[in-house]
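**Q** My questions all concern the structure below.
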Amino acid sequence: MATVLLDGSNPAVVRVRQLIDGTESSDGWTRCWEEGLTPWDLGEPTPAVVELVKSGTLPGGGGTTATVLVPGCGGGYDAVALSGAGRFVVGLDVCDAAIQKARQWSSISPDGNFIAFVNADFFTWEPPEPFHLIFDYTFFCAIDPSLRSAWARRMYDLLRPDGELITLMYLVEGQESGPPFNATVLDYEEVLNPLGFVIVSIEDNGVAVEARKGMEKMARWKKMAN
Ligand SMILES: C[S@@+](CC[C@H](N)C(=O)[O-])C[C@H]1O[C@@H](n2cnc3c(N)ncnc32)[C@H](O)[C@@H]1O
């Protein structure tokens with residue numbers, strides 16, 4: 001898997017920023033997907049997700065089915081890796097081209113029966129039921145920082161009271177614009193703590209892909225009862 005640095009030193013990222021800059025709608029993201037300009041795309045699940053599934057610490061299994069949401073799922077690799085007996089996953093992306101790609105990827109997966117891909121905007125989409133688990137990777141850092149409070153509110157509303165949020169945080173610094181926008185653990189805490197989310201565990205991502213080594217942490221959050 002050849003990976004590239006996701007920051008302003010990468011010409012592909014500069015072009016992504018030109019396309020997305022100032023677009024209130026999803027047009028910029030759509031153009032990126034349609035032009036195949038997706039420097040964030042690993043072409044396979046991120047190793048941390050594979051490890052997470054193997055760890056046996058995710059909800060679901062043992063006769064129960066947990067529902068999982070992957071917002072901004074892109075090519076769908078992580079969503080598919082999380083799915084399987086015991087976990088039904090919804091991969092959500094605002095771009096139809098991403099959803100088509102994700103469906104194609106899931107069609108070659110043995111866990112294809114445990115997944116659905118939805119083309120909708122995370123900020124307005126209304127599912128029938130809240131989820132047991134939400135997994136965010138390179139979505140928080142992709143959205144404009146002015147939307148971070150709304151991101152947190154959506155996480156709150158889309159999770160069951162006993163649900164879990166897992167953020168695989170891409171902690172890039174020193175960027176004058178984005179995506180990816182600068183992000184710190186504090187940035188997550190500033191929007192999630194006021195809603196009652198607390199970090200249950202946080203660790204460096206020891207299996208990050210080469211270009212992202214030392215830049216990622218995985219945090220697991222729960223909603224505390226008021
Ligand atoms: C940086 S990419 C990350 C994709 C995927 N998580 C990955 O790691 O490969 C961000 C994704 O979020 C999607 N996106 C941006 N705004 C969105 C929104 N409001 N609702 C849903 N998806 C959105 C984009 O289309 C894009 O696929």
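If you're wondering about the labels, chains in the structure tokens are A, B, ... by order shown, residues count from 1 in each chain, ligands from 1 in order shown.
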Could you give me, as JSON lines, every chain A residue with an atom at most 8 Å from ligand 1, plus its closest atom pair and distance in Å to one decimal, counting only C-alpha atoms and all ligand atoms, rows ordered by chain then number?
**A**
{"residue": "A:Ser26", "atom": "CA", "partner": "ligand 1", "partner_atom_place_in_ligand_line": "16 (N)", "distance": 6.4}
{"residue": "A:Trp29", "atom": "CA", "partner": "ligand 1", "partner_atom_place_in_ligand_line": "25 (O)", "distance": 4.9}
{"residue": "A:Thr30", "atom": "CA", "partner": "ligand 1", "partner_atom_place_in_ligand_line": "25 (O)", "distance": 6.5}
{"residue": "A:Trp33", "atom": "CA", "partner": "ligand 1", "partner_atom_place_in_ligand_line": "25 (O)", "distance": 7.3}
{"residue": "A:Thr38", "atom": "CA", "partner": "ligand 1", "partner_atom_place_in_ligand_line": "2 (S)", "distance": 7.5}
{"residue": "A:Trp40", "atom": "CA", "partner": "ligand 1", "partner_atom_place_in_ligand_line": "1 (C)", "distance": 5.5}
{"residue": "A:Asp41", "atom": "CA", "partner": "ligand 1", "partner_atom_place_in_ligand_line": "9 (O)", "distance": 4.4}
{"residue": "A:Leu42", "atom": "CA", "partner": "ligand 1", "partner_atom_place_in_ligand_line": "9 (O)", "distance": 6.2}
{"residue": "A:Gly43", "atom": "CA", "partner": "ligand 1", "partner_atom_place_in_ligand_line": "9 (O)", "distance": 7.8}
{"residue": "A:Thr46", "atom": "CA", "partner": "ligand 1", "partner_atom_place_in_ligand_line": "8 (O)", "distance": 7.7}
{"residue": "A:Val70", "atom": "CA", "partner": "ligand 1", "partner_atom_place_in_ligand_line": "6 (N)", "distance": 7.7}
{"residue": "A:Pro71", "atom": "CA", "partner": "ligand 1", "partner_atom_place_in_ligand_line": "21 (C)", "distance": 5.8}
{"residue": "A:Gly72", "atom": "CA", "partner": "ligand 1", "partner_atom_place_in_ligand_line": "12 (O)", "distance": 3.5}
{"residue": "A:Cys73", "atom": "CA", "partner": "ligand 1", "partner_atom_place_in_ligand_line": "6 (N)", "distance": 4.3}
{"residue": "A:Gly74", "atom": "CA", "partner": "ligand 1", "partner_atom_place_in_ligand_line": "27 (O)", "distance": 3.6}
{"residue": "A:Gly75", "atom": "CA", "partner": "ligand 1", "partner_atom_place_in_ligand_line": "9 (O)", "distance": 5.9}
{"residue": "A:Gly76", "atom": "CA", "partner": "ligand 1", "partner_atom_place_in_ligand_line": "5 (C)", "distance": 7.0}
{"residue": "A:Tyr77", "atom": "CA", "partner": "ligand 1", "partner_atom_place_in_ligand_line": "9 (O)", "distance": 7.4}
{"residue": "A:Asp78", "atom": "CA", "partner": "ligand 1", "partner_atom_place_in_ligand_line": "8 (O)", "distance": 7.5}
{"residue": "A:Leu92", "atom": "CA", "partner": "ligand 1", "partner_atom_place_in_ligand_line": "21 (C)", "distance": 5.9}
{"residue": "A:Asp93", "atom": "CA", "partner": "ligand 1", "partner_atom_place_in_ligand_line": "22 (N)", "distance": 3.7}
{"residue": "A:Val94", "atom": "CA", "partner": "ligand 1", "partner_atom_place_in_ligand_line": "21 (C)", "distance": 4.0}
{"residue": "A:Cys95", "atom": "CA", "partner": "ligand 1", "partner_atom_place_in_ligand_line": "25 (O)", "distance": 4.9}
{"residue": "A:Ala98", "atom": "CA", "partner": "ligand 1", "partner_atom_place_in_ligand_line": "27 (O)", "distance": 6.0}
{"residue": "A:Asn119", "atom": "CA", "partner": "ligand 1", "partner_atom_place_in_ligand_line": "21 (C)", "distance": 7.7}
{"residue": "A:Ala120", "atom": "CA", "partner": "ligand 1", "partner_atom_place_in_ligand_line": "21 (C)", "distance": 6.1}
{"residue": "A:Asp121", "atom": "CA", "partner": "ligand 1", "partner_atom_place_in_ligand_line": "20 (N)", "distance": 3.7}
{"residue": "A:Phe122", "atom": "CA", "partner": "ligand 1", "partner_atom_place_in_ligand_line": "20 (N)", "distance": 3.9}
{"residue": "A:Phe123", "atom": "CA", "partner": "ligand 1", "partner_atom_place_in_ligand_line": "19 (N)", "distance": 5.7}
{"residue": "A:Asp136", "atom": "CA", "partner": "ligand 1", "partner_atom_place_in_ligand_line": "6 (N)", "distance": 7.0}
{"residue": "A:Tyr137", "atom": "CA", "partner": "ligand 1", "partner_atom_place_in_ligand_line": "6 (N)", "distance": 5.0}
{"residue": "A:Thr138", "atom": "CA", "partner": "ligand 1", "partner_atom_place_in_ligand_line": "3 (C)", "distance": 4.9}
{"residue": "A:Phe139", "atom": "CA", "partner": "ligand 1", "partner_atom_place_in_ligand_line": "10 (C)", "distance": 5.0}
{"residue": "A:Cys141", "atom": "CA", "partner": "ligand 1", "partner_atom_place_in_ligand_line": "1 (C)", "distance": 7.5}
{"residue": "A:Ala142", "atom": "CA", "partner": "ligand 1", "partner_atom_place_in_ligand_line": "1 (C)", "distance": 5.2}
{"residue": "A:Ile143", "atom": "CA", "partner": "ligand 1", "partner_atom_place_in_ligand_line": "16 (N)", "distance": 6.2}
{"residue": "A:Pro179", "atom": "CA", "partner": "ligand 1", "partner_atom_place_in_ligand_line": "1 (C)", "distance": 7.3}
{"residue": "A:Pro180", "atom": "CA", "partner": "ligand 1", "partner_atom_place_in_ligand_line": "1 (C)", "distance": 7.1}
**Q** Those residues with C-alpha atoms, as a compact mmCIF listing (two decimals), in the first residue's frame please?
**A**
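What follows is the written file part-v2.txt:
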# COMPACT_ATOMS: atom_id res chain seq x y z
CA SER A 26 -20.73 18.65 -1.42
CA TRP A 29 -15.90 16.45 -2.62
CA THR A 30 -17.87 15.15 -5.58
CA TRP A 33 -14.19 11.61 -6.30
CA THR A 38 -8.50 10.94 -3.38
CA TRP A 40 -6.55 9.94 1.58
CA ASP A 41 -7.71 6.63 0.05
CA LEU A 42 -5.68 3.66 1.32
CA GLY A 43 -7.32 1.17 -1.06
CA THR A 46 -6.64 0.96 7.80
CA VAL A 70 -19.09 4.95 9.51
CA PRO A 71 -19.64 8.60 8.47
CA GLY A 72 -17.60 9.93 5.55
CA CYS A 73 -16.85 6.31 4.68
CA GLY A 74 -15.23 7.07 1.32
CA GLY A 75 -14.22 3.86 -0.47
CA GLY A 76 -15.85 1.81 2.29
CA TYR A 77 -12.86 -0.34 3.29
CA ASP A 78 -13.15 0.34 7.02
CA LEU A 92 -22.43 6.98 4.83
CA ASP A 93 -20.97 9.40 2.33
CA VAL A 94 -22.25 12.60 0.78
CA CYS A 95 -20.78 11.68 -2.64
CA ALA A 98 -17.74 7.28 -3.23
CA ASN A 119 -25.53 8.47 -0.04
CA ALA A 120 -26.49 11.29 2.35
CA ASP A 121 -25.17 14.26 4.30
CA PHE A 122 -24.05 13.34 7.82
CA PHE A 123 -25.38 16.66 9.14
CA ASP A 136 -14.76 8.16 12.59
CA TYR A 137 -11.52 8.15 10.63
CA THR A 138 -10.35 11.18 8.63
CA PHE A 139 -13.86 12.66 8.73
CA CYS A 141 -10.27 16.52 10.14
CA ALA A 142 -11.93 16.69 6.70
CA ILE A 143 -14.80 18.97 7.65
CA PRO A 179 -8.69 19.43 4.45
CA PRO A 180 -7.17 17.95 6.38
**Q** Skipping near chain neighbours, those fewer than 2 positions away, what residues fall within 8 Å of A:Ala85 using only C-alpha atoms, listed as a PDB file with N, CA and C atoms, in the first residue's frame?
**A**
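Writing the result to result.pdb gives the following:
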ATOM      1  N   GLY A  61     -22.039  -9.647  18.457  1.00  0.00           N
ATOM      2  CA  GLY A  61     -21.539 -11.020  18.565  1.00  0.00           C
ATOM      3  C   GLY A  61     -22.227 -11.733  19.715  1.00  0.00           C
ATOM      4  N   THR A  65     -26.781  -8.472  17.634  1.00  0.00           N
ATOM      5  CA  THR A  65     -26.275  -7.715  16.495  1.00  0.00           C
ATOM      6  C   THR A  65     -26.171  -6.246  16.883  1.00  0.00           C
ATOM      7  N   SER A  83     -17.775  -4.876   9.404  1.00  0.00           N
ATOM      8  CA  SER A  83     -19.032  -5.617   9.283  1.00  0.00           C
ATOM      9  C   SER A  83     -18.786  -7.123   9.394  1.00  0.00           C
ATOM     10  N   ARG A  87     -22.326  -7.660  13.605  1.00  0.00           N
ATOM     11  CA  ARG A  87     -22.283  -6.201  13.390  1.00  0.00           C
ATOM     12  C   ARG A  87     -22.830  -5.852  12.014  1.00  0.00           C
ATOM     13  N   PHE A  88     -23.876  -5.036  12.013  1.00  0.00           N
ATOM     14  CA  PHE A  88     -24.422  -4.525  10.754  1.00  0.00           C
ATOM     15  C   PHE A  88     -23.951  -3.077  10.603  1.00  0.00           C
ATOM     16  N   ASP A 111     -18.619 -10.506   3.768  1.00  0.00           N
ATOM     17  CA  ASP A 111     -19.529  -9.908   4.757  1.00  0.00           C
ATOM     18  C   ASP A 111     -20.514  -8.930   4.122  1.00  0.00           C
ATOM     19  N   PHE A 114     -23.911  -7.844   5.567  1.00  0.00           N
ATOM     20  CA  PHE A 114     -23.997  -7.145   6.851  1.00  0.00           C
ATOM     21  C   PHE A 114     -23.660  -5.670   6.699  1.00  0.00           C
TER      22      PHE A 114
END
**Q** Which residues, written as a PyMOL selection string, have at least one atom at most 10 Å from A:Asp21, with only C-alpha atoms counted and residues fewer than 2 positions away on the same chain left out?
**A** chain A and resi 15-19+23-24+28+144+177-179
**Q** In chain A, what's strand (DSSP E) per DSSP? Answer as a PyMOL selection string?
**A** chain A and resi 66-71+87-93+115-119+131-137+159-170+197-204+216-223
**Q** What residues in stretch 124-221 of chain A get the DSSP label helix (DSSP H, G or I)? Please answer as an MDAnalysis selection string.
**A** chainID A and resid 145:158 185:195 210:212
**Q** Please save N, CA and C atoms of the selected residues as a compact mmCIF listing (two decimals), in the first residue's frame.
**A**
# COMPACT_ATOMS: atom_id res chain seq x y z
N PRO A 145 -13.55 23.34 10.36
CA PRO A 145 -13.60 23.43 11.83
C PRO A 145 -14.85 24.14 12.36
N SER A 146 -15.45 25.02 11.57
CA SER A 146 -16.68 25.68 12.05
C SER A 146 -17.83 24.68 12.21
N LEU A 147 -17.67 23.48 11.66
CA LEU A 147 -18.73 22.47 11.74
C LEU A 147 -18.49 21.47 12.88
N ARG A 148 -17.41 21.68 13.64
CA ARG A 148 -17.06 20.64 14.62
C ARG A 148 -18.09 20.50 15.75
N SER A 149 -18.67 21.60 16.19
CA SER A 149 -19.70 21.48 17.24
C SER A 149 -20.90 20.71 16.70
N ALA A 150 -21.27 21.01 15.46
CA ALA A 150 -22.40 20.29 14.84
C ALA A 150 -22.04 18.81 14.65
N TRP A 151 -20.77 18.54 14.31
CA TRP A 151 -20.29 17.14 14.19
C TRP A 151 -20.53 16.41 15.52
N ALA A 152 -20.14 17.06 16.63
CA ALA A 152 -20.27 16.43 17.95
C ALA A 152 -21.74 16.21 18.30
N ARG A 153 -22.56 17.19 18.00
CA ARG A 153 -24.00 17.07 18.29
C ARG A 153 -24.61 15.90 17.52
N ARG A 154 -24.17 15.76 16.25
CA ARG A 154 -24.68 14.65 15.44
C ARG A 154 -24.22 13.32 16.03
N MET A 155 -22.98 13.27 16.49
CA MET A 155 -22.48 12.04 17.12
C MET A 155 -23.37 11.70 18.32
N TYR A 156 -23.69 12.71 19.09
CA TYR A 156 -24.54 12.50 20.26
C TYR A 156 -25.91 11.95 19.85
N ASP A 157 -26.52 12.60 18.87
CA ASP A 157 -27.88 12.23 18.48
C ASP A 157 -27.93 10.87 17.77
N LEU A 158 -26.87 10.53 17.06
CA LEU A 158 -26.88 9.30 16.26
C LEU A 158 -26.46 8.07 17.06
N VAL A 185 -6.07 16.46 20.09
CA VAL A 185 -6.99 15.73 20.98
C VAL A 185 -7.90 16.73 21.68
N LEU A 186 -7.33 17.88 22.05
CA LEU A 186 -8.11 18.92 22.72
C LEU A 186 -9.28 19.41 21.84
N ASP A 187 -9.05 19.48 20.54
CA ASP A 187 -10.13 19.91 19.63
C ASP A 187 -11.33 18.96 19.74
N TYR A 188 -11.04 17.67 19.84
CA TYR A 188 -12.13 16.69 19.98
C TYR A 188 -12.81 16.89 21.34
N GLU A 189 -11.97 17.03 22.39
CA GLU A 189 -12.53 17.15 23.74
C GLU A 189 -13.39 18.40 23.87
N GLU A 190 -12.95 19.47 23.22
CA GLU A 190 -13.69 20.75 23.35
C GLU A 190 -15.13 20.65 22.86
N VAL A 191 -15.35 19.80 21.85
CA VAL A 191 -16.73 19.70 21.34
C VAL A 191 -17.48 18.50 21.92
N LEU A 192 -16.74 17.46 22.34
CA LEU A 192 -17.43 16.25 22.83
C LEU A 192 -17.69 16.28 24.34
N ASN A 193 -16.74 16.83 25.11
CA ASN A 193 -16.93 16.83 26.57
C ASN A 193 -18.20 17.56 27.01
N PRO A 194 -18.53 18.73 26.44
CA PRO A 194 -19.74 19.42 26.90
C PRO A 194 -21.02 18.62 26.69
N LEU A 195 -20.97 17.63 25.80
CA LEU A 195 -22.15 16.79 25.57
C LEU A 195 -22.15 15.54 26.44
N GLU A 210 2.65 3.96 6.90
CA GLU A 210 3.97 4.61 6.99
C GLU A 210 3.88 6.14 7.06
N ALA A 211 3.16 6.75 6.11
CA ALA A 211 3.15 8.21 6.02
C ALA A 211 2.40 8.88 7.18
N ARG A 212 1.67 8.09 7.96
CA ARG A 212 0.88 8.66 9.06
C ARG A 212 1.41 8.25 10.42
**Q** Using only C-alpha atoms, can you tell me which of A:Met218, A:Leu69, A:Leu5, A:Cys32 comes closest to A:Gly163?
**A**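 So, comparing all the options, the nearest one is A:Leu69.
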**Q** Which distance in Å separates atom CA of A:Ser106 and atom CA of A:Val209, to one decimal?
**A** 21.9 Å
